[in-house]
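A quick write-up on the structure given underneath.
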Amino acid sequence: MSSYNRNLVLDTVRSYGVLSRVELAAMTGLTGATMSRIVRVLLDDGLLMETGKGESTGGKPRTLLRIDPTGRYAVGVQVSAASTTVVVTDLVGAVVRRQVLRQGSQREPATVIAATGASVEKVLASADVPRERVAGVGVAFPGLVDADTGTVLAQGGVPGWAGVPLADPLVRGLGLPVLVDNDATAAAIGERWVGSAATASSFGVVFVSDGIGSGLFLDGRPYRGAANQAGELAHVVVHPGGLGCFCGKRGCLNGYTAPHAVVLAARAHQEGHAGCALDLPPGSSSVRQDYDRLARAYAAGVSCALRLLDASAEALSVAMSNLVEMLDLELVVLAGGGFGRMERLHLDAVQAAVGARAEQATTRVLLSPIASDAAAVGAAALVLHREFGARMLGLMS
């Protein structure tokens, strides 16, 4: 039995939920005899399970099949600027254990990697899953990554990570396969595995955490670009001649929509206007806390909060409408925890902009069901997709 046929059957069941052998044969084009052999092996391997009988169509009721969630597990790691999230997921992507380390990419790489390895071991032990059922570890990193070698190519704004191999030291320490990818691309793979895009062929995920980026699936497979830089949404120009950006251009989306940029603009406004009701405390505080304060001010109708956050949503809607038009995406998903309480504002703005163009009328715009854990769950899905995902490899339309 070819691994392709095995993965094709498994991924079809994963994508559509509960199916009979007859339905699987019709959907995959495999013969009934071949399907019976494959299903028997997948049942023996603990990857599929029988789950009752379907309605009779005149003959013997058909036995239904679904994924056995306990058949395999994967570990997902999301590294952000200030923290590292580690999750263990089962075969259908459900989180069975989660831990957050209060250190991230702003620390020394060796320190972060060592702490991550220790946390993976701790979380696996607490999850009490058989080691032989752990398919591997996926790492989602906020920067340019060479997914083939597991090496960080660059991370904007935080020195010290360029050229750092992430995969190799974790492989040596854990004795498990390790895959590394950009956090937005990982979030897109997570949406494909367990989120809103199980059956979508071409879609984009807007991922907002410390910054803003996008992960793309085109024709059923992840698209990273010739130099692993596809999806650099932060540096799409939305206001020609506008605010300067560290990349050297002016008017980048990053300067209008990334939470840290919105908070910076709000603090500048507060300092320049006595009696401003934004209520941002003096001195340093976290971007997340300040952004939450802005959200509360927006809800209270504070004029400068309305202006800043409406401009943020408008800028994102321009970028995404152009991206949908250029790539003919069937779905856009907003993911990550960066928008906090303002995710609905940004969702509404993107839906309105996309829906206003007749050629984009069929494009759906949704909030991610896996939300702030999208990249961590997506990192685990990197591993599951590599082993079991025929669709991700573009092997099935």
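Each chain in the structure tokens gets a letter, A, B, ..., in the order shown, and its residues are numbered from 1; ligands are numbered from 1 in order too.
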
- [ ] Can you list, as a list in words, all residues belonging to range 105-173 of chain A that DSSP tags as strand (DSSP E)?
- [x]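 Across range 105-173 of chain A, those assigned strand (DSSP E) are Val134, Ala135, Gly136, Val137, Gly138, Val139, Ala140, Phe141, Leu144, Val145, Asp146, Thr151, Val152, Leu153 and Ala154 of chain A.
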
Return as a short mmCIF file (atom, residue, chain, number, x, y, z; two decimals) with C-alpha atoms, in the first residue's frame the full set of residues in range 17-209 of chain A whose backbone-based DSSP assignment is alpha helix (DSSP H).
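Resulting contents of result.cif:
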```
data_model
loop_
_atom_site.label_atom_id
_atom_site.label_comp_id
_atom_site.auth_asym_id
_atom_site.auth_seq_id
_atom_site.Cartn_x
_atom_site.Cartn_y
_atom_site.Cartn_z
CA ARG A 21 -15.83 2.97 2.98
CA VAL A 22 -18.13 3.35 -0.02
CA GLU A 23 -18.13 7.15 0.30
CA LEU A 24 -14.33 7.16 0.68
CA ALA A 25 -13.89 5.06 -2.45
CA ALA A 26 -16.13 7.39 -4.44
CA MET A 27 -14.35 10.53 -3.17
CA THR A 28 -10.79 9.26 -3.69
CA GLY A 32 -13.51 -0.97 -3.08
CA ALA A 33 -10.91 -3.71 -2.56
CA THR A 34 -8.09 -1.19 -2.21
CA MET A 35 -10.16 0.87 0.18
CA SER A 36 -10.87 -2.14 2.37
CA ARG A 37 -7.15 -2.94 2.64
CA ILE A 38 -6.22 0.65 3.47
CA VAL A 39 -8.94 1.03 6.08
CA ARG A 40 -7.91 -2.23 7.73
CA VAL A 41 -4.33 -1.01 8.07
CA LEU A 42 -5.43 2.40 9.39
CA LEU A 43 -7.68 0.70 11.95
CA ASP A 44 -4.82 -1.56 13.05
CA PRO A 109 18.42 32.33 21.41
CA ALA A 110 20.29 29.62 23.33
CA THR A 111 18.29 30.41 26.47
CA VAL A 112 14.97 30.30 24.61
CA ILE A 113 15.82 27.05 22.84
CA ALA A 114 16.93 25.31 26.05
CA ALA A 115 13.82 26.46 27.94
CA THR A 116 11.61 25.38 25.04
CA GLY A 117 13.09 21.88 25.01
CA ALA A 118 12.59 21.56 28.77
CA SER A 119 9.01 22.80 28.49
CA VAL A 120 8.21 20.31 25.71
CA GLU A 121 9.40 17.47 27.92
CA LYS A 122 7.38 18.78 30.87
CA VAL A 123 4.19 19.20 28.86
CA LEU A 124 4.49 15.76 27.28
CA ALA A 125 4.98 14.21 30.71
CA SER A 126 1.95 16.00 32.14
CA ALA A 127 -0.17 15.05 29.12
CA ALA A 167 15.40 22.62 14.61
CA ASP A 168 18.78 20.91 15.11
CA PRO A 169 19.32 21.58 18.84
CA LEU A 170 15.73 20.59 19.62
CA VAL A 171 16.09 17.35 17.64
CA ARG A 172 19.26 16.52 19.57
CA GLY A 173 17.66 17.29 22.92
CA LEU A 174 14.26 15.71 22.39
CA ASP A 183 4.17 31.88 12.60
CA ALA A 184 1.65 33.16 10.04
CA THR A 185 2.24 30.18 7.74
CA ALA A 186 1.88 27.85 10.72
CA ALA A 187 -1.41 29.57 11.59
CA ALA A 188 -2.64 28.93 8.04
CA ILE A 189 -1.74 25.24 8.32
CA GLY A 190 -3.56 25.16 11.65
CA GLU A 191 -6.67 26.59 10.01
CA ARG A 192 -6.41 23.89 7.38
CA TRP A 193 -6.07 21.12 9.96
CA VAL A 194 -8.53 22.17 12.66
#
```

Open item on the list: What's around Ala265 in chain A at 12 Å? Count only C-alpha atoms, leave out sequence neighbours fewer than 4 positions away in its own chain, and write the answer as a VMD selection string.
Closed with: chain A and resid 243 255 to 261 269 to 272 278 280 287 290 to 291 294 304 to 305 307 to 309 311 to 312

Task: Point-to-point distance in Å for CA of Tyr223 in chain A and CA of Gly211 in chain A - done: 19.9 Å

Task: Test item: residues at most 7 Å from range 314-325 of chain A, only C-alpha atoms, excluding those fewer than 5 positions along its chain, as a PyMOL selection string - done: chain A and resi 236+238+253+256-257+349-350+353-354+360

Open item on the list: When you count only C-alpha atoms, which of these residues is closest to Cys247 in chain A: A:Ala371, A:Leu382, A:Ala297, A:Ala234?
Closed with: A:Ala234

TODO: Between A:His385, A:Lys60, A:His235, A:Arg66, single out the one closest to Ile212 in chain A, counting only C-alpha atoms.
DONE: A:His235

Open item on the list: Report as a list in words all protein, DNA and RNA residues lying within 12 Å of Leu19 in chain A, evaluated on only C-alpha atoms, omitting residues in the same chain fewer than 4 positions from it.
Closed with: Val9, Leu10, Asp11, Thr12, Val13, Arg14, Ser15, Glu23, Leu24, Ala25, Ala26, Met27, Thr28, Val39, Leu48, Met49, Glu50, Thr51, Gly52, Lys53, Gly54, Glu55, Arg62, Thr63, Leu64, Leu65, Arg66 and Ile67 of chain A

TODO: Write out as a list in words the residues lying within 7 Å of Leu91 in chain A, counting only C-alpha atoms and excluding same-chain residues fewer than 3 positions away.
DONE: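 My list of contacting residues is Pro69, Thr70, Gly71, Arg72 and Tyr73 of chain A.
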
What does the file look like for those residues with all heavy atoms, as a PDB file, in the first residue's frame?
```pdb
ATOM      1  N   PRO A  69      -8.748  10.218  17.628  1.00  0.00           N
ATOM      2  CA  PRO A  69      -7.936  11.343  18.107  1.00  0.00           C
ATOM      3  C   PRO A  69      -6.684  10.915  18.865  1.00  0.00           C
ATOM      4  O   PRO A  69      -5.674  11.623  18.858  1.00  0.00           O
ATOM      5  CB  PRO A  69      -8.903  12.096  19.038  1.00  0.00           C
ATOM      6  CG  PRO A  69     -10.263  11.694  18.598  1.00  0.00           C
ATOM      7  CD  PRO A  69     -10.130  10.275  18.148  1.00  0.00           C
ATOM      8  N   THR A  70      -6.731   9.756  19.507  1.00  0.00           N
ATOM      9  CA  THR A  70      -5.586   9.308  20.309  1.00  0.00           C
ATOM     10  C   THR A  70      -4.563   8.530  19.495  1.00  0.00           C
ATOM     11  O   THR A  70      -3.582   8.033  20.048  1.00  0.00           O
ATOM     12  CB  THR A  70      -6.070   8.431  21.477  1.00  0.00           C
ATOM     13  OG1 THR A  70      -6.626   7.212  20.966  1.00  0.00           O
ATOM     14  CG2 THR A  70      -7.115   9.159  22.306  1.00  0.00           C
ATOM     15  N   GLY A  71      -4.779   8.442  18.178  1.00  0.00           N
ATOM     16  CA  GLY A  71      -3.866   7.664  17.346  1.00  0.00           C
ATOM     17  C   GLY A  71      -2.479   8.258  17.246  1.00  0.00           C
ATOM     18  O   GLY A  71      -1.480   7.531  17.148  1.00  0.00           O
ATOM     19  N   ARG A  72      -2.389   9.573  17.239  1.00  0.00           N
ATOM     20  CA  ARG A  72      -1.098  10.270  17.224  1.00  0.00           C
ATOM     21  C   ARG A  72      -1.255  11.596  17.967  1.00  0.00           C
ATOM     22  O   ARG A  72      -2.357  12.147  18.071  1.00  0.00           O
ATOM     23  CB  ARG A  72      -0.612  10.556  15.802  1.00  0.00           C
ATOM     24  CG  ARG A  72      -0.258   9.361  14.971  1.00  0.00           C
ATOM     25  CD  ARG A  72       0.981   8.626  15.470  1.00  0.00           C
ATOM     26  NE  ARG A  72       1.345   7.577  14.524  1.00  0.00           N
ATOM     27  CZ  ARG A  72       0.801   6.365  14.499  1.00  0.00           C
ATOM     28  NH1 ARG A  72      -0.168   6.045  15.337  1.00  0.00           N
ATOM     29  NH2 ARG A  72       1.195   5.463  13.608  1.00  0.00           N
ATOM     30  N   TYR A  73      -0.131  12.127  18.419  1.00  0.00           N
ATOM     31  CA  TYR A  73      -0.081  13.434  19.059  1.00  0.00           C
ATOM     32  C   TYR A  73       1.042  14.246  18.428  1.00  0.00           C
ATOM     33  O   TYR A  73       1.957  13.697  17.802  1.00  0.00           O
ATOM     34  CB  TYR A  73       0.157  13.298  20.569  1.00  0.00           C
ATOM     35  CG  TYR A  73      -0.942  12.575  21.301  1.00  0.00           C
ATOM     36  CD1 TYR A  73      -0.928  11.183  21.412  1.00  0.00           C
ATOM     37  CD2 TYR A  73      -2.008  13.271  21.859  1.00  0.00           C
ATOM     38  CE1 TYR A  73      -1.944  10.507  22.072  1.00  0.00           C
ATOM     39  CE2 TYR A  73      -3.034  12.600  22.528  1.00  0.00           C
ATOM     40  CZ  TYR A  73      -2.991  11.221  22.625  1.00  0.00           C
ATOM     41  OH  TYR A  73      -4.000  10.564  23.268  1.00  0.00           O
TER      42      TYR A  73
END
```
